[in-house]
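Enquirer: One file: input.pdb (PDB, C-alpha atoms).
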ATOM      1  CA  MET A1329       9.197 -12.504   2.329
ATOM      2  CA  GLU A1330      11.583 -12.248  -0.614
ATOM      3  CA  THR A1331      11.306 -10.211  -3.802
ATOM      4  CA  GLY A1332      14.156 -10.669  -6.266
ATOM      5  CA  LYS A1333      17.440 -10.489  -4.383
ATOM      6  CA  HIS A1334      16.052  -8.327  -1.612
ATOM      7  CA  ILE A1335      14.816 -10.034   1.526
ATOM      8  CA  LEU A1336      11.849  -8.064   2.782
ATOM      9  CA  GLU A1337      11.111  -8.971   6.366
ATOM     10  CA  THR A1338      10.129  -5.706   7.986
ATOM     11  CA  MET A1339       7.852  -2.864   7.069
ATOM     12  CA  VAL A1340      10.842  -0.518   7.065
ATOM     13  CA  SER A1341      12.753  -2.684   4.574
ATOM     14  CA  VAL A1342       9.697  -2.906   2.298
ATOM     15  CA  MET A1343       9.179   0.858   2.402
ATOM     16  CA  GLN A1344      12.869   1.407   1.569
ATOM     17  CA  LYS A1345      12.715  -1.034  -1.356
ATOM     18  CA  LEU A1346       9.520   0.539  -2.688
ATOM     19  CA  GLU A1347      11.082   3.987  -2.507
ATOM     20  CA  GLU A1348      14.112   2.698  -4.440
ATOM     21  CA  ASP A1349      11.655   1.373  -7.043
ATOM     22  CA  GLY A1350      10.053   4.803  -7.474
ATOM     23  CA  TYR A1351       7.113   4.612  -5.063
ATOM     24  CA  ASN A1352       7.860   8.034  -3.593
ATOM     25  CA  VAL A1353       4.374   9.457  -3.010
ATOM     26  CA  GLN A1354       2.341   8.863   0.110
ATOM     27  CA  PHE A1355      -1.381   8.355  -0.413
ATOM     28  CA  GLN A1356      -4.248   8.808   2.019
ATOM     29  CA  ALA A1357      -7.704   7.300   1.620
ATOM     30  CA  THR A1358     -10.580   9.687   2.303
ATOM     31  CA  ALA A1359     -14.327   9.678   1.752
ATOM     32  CA  ASP A1360     -13.651  11.496  -1.557
ATOM     33  CA  GLY A1361     -11.064   9.013  -2.882
ATOM     34  CA  LEU A1362      -7.326   8.393  -2.718
ATOM     35  CA  VAL A1363      -5.408  11.626  -2.136
ATOM     36  CA  SER A1364      -1.794  12.119  -3.197
ATOM     37  CA  LEU A1365      -0.054  13.945  -0.367
ATOM     38  CA  SER A1366       2.422  15.323  -2.945
ATOM     39  CA  SER A1367       0.089  16.762  -5.573
ATOM     40  CA  ASN A1368      -3.227  16.821  -3.625
ATOM     41  CA  LYS A1369      -4.838  15.095  -6.622
ATOM     42  CA  VAL A1370      -7.773  12.872  -5.683
ATOM     43  CA  TYR A1371      -7.979   9.537  -7.506
ATOM     44  CA  GLN A1372     -11.044   7.346  -7.822
ATOM     45  CA  PRO A1373     -10.791   3.525  -7.602
ATOM     46  CA  ILE A1374     -11.019   3.141 -11.393
ATOM     47  CA  GLU A1375      -7.871   5.307 -11.760
ATOM     48  CA  VAL A1376      -5.786   3.216  -9.356
ATOM     49  CA  ASN A1377      -3.712   0.090  -9.830
ATOM     50  CA  ILE A1378      -2.501  -1.710  -6.725
ATOM     51  CA  GLU A1379       0.706  -3.196  -8.082
ATOM     52  CA  ASN A1380       1.642  -5.140  -4.971
ATOM     53  CA  PHE A1381       0.884  -5.412  -1.285
ATOM     54  CA  TYR A1382       2.742  -6.657   1.780
ATOM     55  CA  ARG A1383       1.256  -7.871   5.049
ATOM     56  CA  PHE A1384       3.023  -7.728   8.376
ATOM     57  CA  GLU A1385       2.124  -9.394  11.647
ATOM     58  CA  GLY A1386       2.845  -7.800  14.994
ATOM     59  CA  GLU A1387       5.312  -9.896  16.945
ATOM     60  CA  SER A1388       3.372  -9.999  20.186
ATOM     61  CA  ASN A1389       0.118  -8.163  19.524
ATOM     62  CA  PRO A1390      -2.358  -8.809  16.683
ATOM     63  CA  ASP A1391      -3.341  -5.134  16.888
ATOM     64  CA  ASP A1392       0.082  -4.368  15.389
ATOM     65  CA  ASP A1393      -0.756  -6.150  12.111
ATOM     66  CA  SER A1394      -0.471  -3.884   9.085
ATOM     67  CA  ILE A1395      -0.455  -3.813   5.288
ATOM     68  CA  VAL A1396       1.415  -1.696   2.736
ATOM     69  CA  TYR A1397      -0.032  -1.184  -0.747
ATOM     70  CA  ALA A1398       2.243  -0.236  -3.679
ATOM     71  CA  ILE A1399       0.052   1.977  -5.862
ATOM     72  CA  ALA A1400       0.224   3.538  -9.313
ATOM     73  CA  ALA A1401      -2.292   6.321  -9.963
ATOM     74  CA  GLY A1402      -2.041   8.683 -12.908
ATOM     75  CA  ASN A1403       1.647   9.548 -13.244
ATOM     76  CA  GLU A1404       2.304   8.983  -9.529
ATOM     77  CA  LYS A1405       3.600   5.926  -7.721
ATOM     78  CA  GLY A1406       3.486   5.593  -3.974
ATOM     79  CA  THR A1407       2.308   3.746  -0.915
ATOM     80  CA  LEU A1408      -0.755   3.480   1.265
ATOM     81  CA  THR A1409      -0.577   1.817   4.664
ATOM     82  CA  ASP A1410      -3.252   0.498   6.978
ATOM     83  CA  SER A1411      -3.633  -1.511  10.161
ATOM     84  CA  TYR A1412      -5.798  -4.540  10.795
ATOM     85  CA  GLY A1413      -8.461  -4.926  13.439
ATOM     86  CA  ARG A1414      -9.797  -2.115  15.532
ATOM     87  CA  TYR A1415      -7.130   0.311  14.346
ATOM     88  CA  SER A1416      -7.889  -0.093  10.645
ATOM     89  CA  ASP A1417      -8.948   2.966   8.680
ATOM     90  CA  GLU A1418     -12.488   2.555   7.336
ATOM     91  CA  HIS A1419     -11.676   4.751   4.322
ATOM     92  CA  VAL A1420      -8.750   2.533   3.309
ATOM     93  CA  GLY A1421     -10.811  -0.647   3.510
ATOM     94  CA  GLU A1422     -13.691   0.826   1.536
ATOM     95  CA  PHE A1423     -11.402   2.273  -1.143
ATOM     96  CA  ILE A1424      -9.445  -0.966  -1.584
ATOM     97  CA  ARG A1425     -12.685  -2.956  -1.951
ATOM     98  CA  GLN A1426     -13.609  -0.711  -4.899
ATOM     99  CA  VAL A1427     -10.280  -1.009  -6.751
ATOM    100  CA  GLU A1428     -10.549  -3.463  -9.632
ATOM    101  CA  ASN A1429      -6.867  -3.554 -10.615
ATOM    102  CA  ILE A1430      -5.080  -5.427  -7.841
ATOM    103  CA  ASP A1431      -1.938  -7.404  -8.642
ATOM    104  CA  LYS A1432       0.343  -9.411  -6.415
ATOM    105  CA  ASP A1433       3.906  -9.900  -7.566
ATOM    106  CA  THR A1434       4.749 -13.439  -6.547
ATOM    107  CA  HIS A1435       8.095 -13.669  -8.336
ATOM    108  CA  GLY A1436      10.649 -15.029  -5.913
ATOM    109  CA  GLU A1437       8.167 -15.561  -3.089
TER     110      GLU A1437
END
The structure in this file should be written as structure tokens.
Expert:
Amino acid sequence: METGKHILETMVSVMQKLEEDGYNVQFQATADGLVSLSSNKVYQPIEVNIENFYRFEGESNPDDDSIVYAIAAGNEKGTLTDSYGRYSDEHVGEFIRQVENIDKDTHGE
């Protein structure tokens, strides 16, 4: 996967690039909404814009598949991660289904 001049092949490289781009907050999906682990503010799906997302496949085990969401909510920018399959977080899946503003930056891909 390539974005601009940065080749993004691993989850670590994506997380580093996102942090460089200002996505410094970690979010957690709960039954109440999306919680900023920095400010403890709870955002509802209407308040959230998923600006990009990146999928990763486990090299030898499909249970290692994961996704990283680059999120803007209020004045915060950060990431939310989840796994696929039996290890996925039900709160993440439900929250993402409710978000209306989902973009995918395809420049350079």
Enquirer: Between CA of Tyr1397 in chain A and CA of Ile1378 in chain A, what is the distance in Å, rounded to a tenth?
Expert: 6.5 Å
Enquirer: Identify all residues satisfying the PyMOL selection byres ((chain A and resi 1371-1377) around 7) in the given file; provide them as a list of chain:residue names.
Expert: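 Selection result, ordered by chain and number: A:Gly1361, A:Leu1362, A:Val1363, A:Lys1369, A:Val1370, A:Ile1378, A:Glu1379, A:Ile1399, A:Ala1400, A:Ala1401, A:Gly1402, A:Phe1423, A:Gln1426, A:Val1427, A:Glu1428, A:Asn1429, A:Ile1430.
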Enquirer: Please check which residues have atoms at most 8 Å from (2.2, 8.5, -6.8) in the file's coordinates, counting all atoms listed in the file, and write them as a PDB file with C-alpha atoms, in the frame of the given file.
Expert:
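The result, written out as result-v2.pdb:
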ATOM      1  CA  TYR A1351       7.113   4.612  -5.063  1.00  0.00           C
ATOM      2  CA  ASN A1352       7.860   8.034  -3.593  1.00  0.00           C
ATOM      3  CA  VAL A1353       4.374   9.457  -3.010  1.00  0.00           C
ATOM      4  CA  GLN A1354       2.341   8.863   0.110  1.00  0.00           C
ATOM      5  CA  PHE A1355      -1.381   8.355  -0.413  1.00  0.00           C
ATOM      6  CA  SER A1364      -1.794  12.119  -3.197  1.00  0.00           C
ATOM      7  CA  SER A1366       2.422  15.323  -2.945  1.00  0.00           C
ATOM      8  CA  ILE A1399       0.052   1.977  -5.862  1.00  0.00           C
ATOM      9  CA  ALA A1400       0.224   3.538  -9.313  1.00  0.00           C
ATOM     10  CA  ALA A1401      -2.292   6.321  -9.963  1.00  0.00           C
ATOM     11  CA  GLY A1402      -2.041   8.683 -12.908  1.00  0.00           C
ATOM     12  CA  ASN A1403       1.647   9.548 -13.244  1.00  0.00           C
ATOM     13  CA  GLU A1404       2.304   8.983  -9.529  1.00  0.00           C
ATOM     14  CA  LYS A1405       3.600   5.926  -7.721  1.00  0.00           C
ATOM     15  CA  GLY A1406       3.486   5.593  -3.974  1.00  0.00           C
ATOM     16  CA  THR A1407       2.308   3.746  -0.915  1.00  0.00           C
TER      17      THR A1407
END
Enquirer: Just to confirm, what's the straight-line distance from CA of Thr1409 in chain A to CA of Gln1356 in chain A in Å (one decimal)?
Expert: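 Calculated distance between CA of Thr1409 in chain A and CA of Gln1356 in chain A is 8.3 Å.
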Enquirer: Grab the CA of Asp1349 in chain A to CA of His1419 in chain A distance for me, in Å with one decimal place.
Expert: 26.2 Å
Enquirer: What's the 9 Å shell around Met1339 in chain A, counting all atoms listed in the file, without same-chain residues fewer than 4 positions away, as a ChimeraX atom specification?
Expert: /A:1343-1344,1382-1384,1394-1396
Enquirer: Might you spell out which residues the PyMOL selection byres ((chain A and resi 1415) around 10) would select in the displayed file, as a list in words?
Expert: Asp1391, Asp1392, Asp1393, Ser1394, Asp1410, Ser1411, Tyr1412, Gly1413, Arg1414, Ser1416, Asp1417 and Glu1418 of chain A
Enquirer: Kindly compute an axis-aligned box around the listed atoms of range 1418-1427 of chain A, allowing 3 Å on each side, and express its centre and edge lengths in Å to one decimal as JSON.
Expert:
{"center_x": -11.2, "center_y": 0.9, "center_z": 0.3, "size_x": 10.9, "size_y": 13.7, "size_z": 20.1}
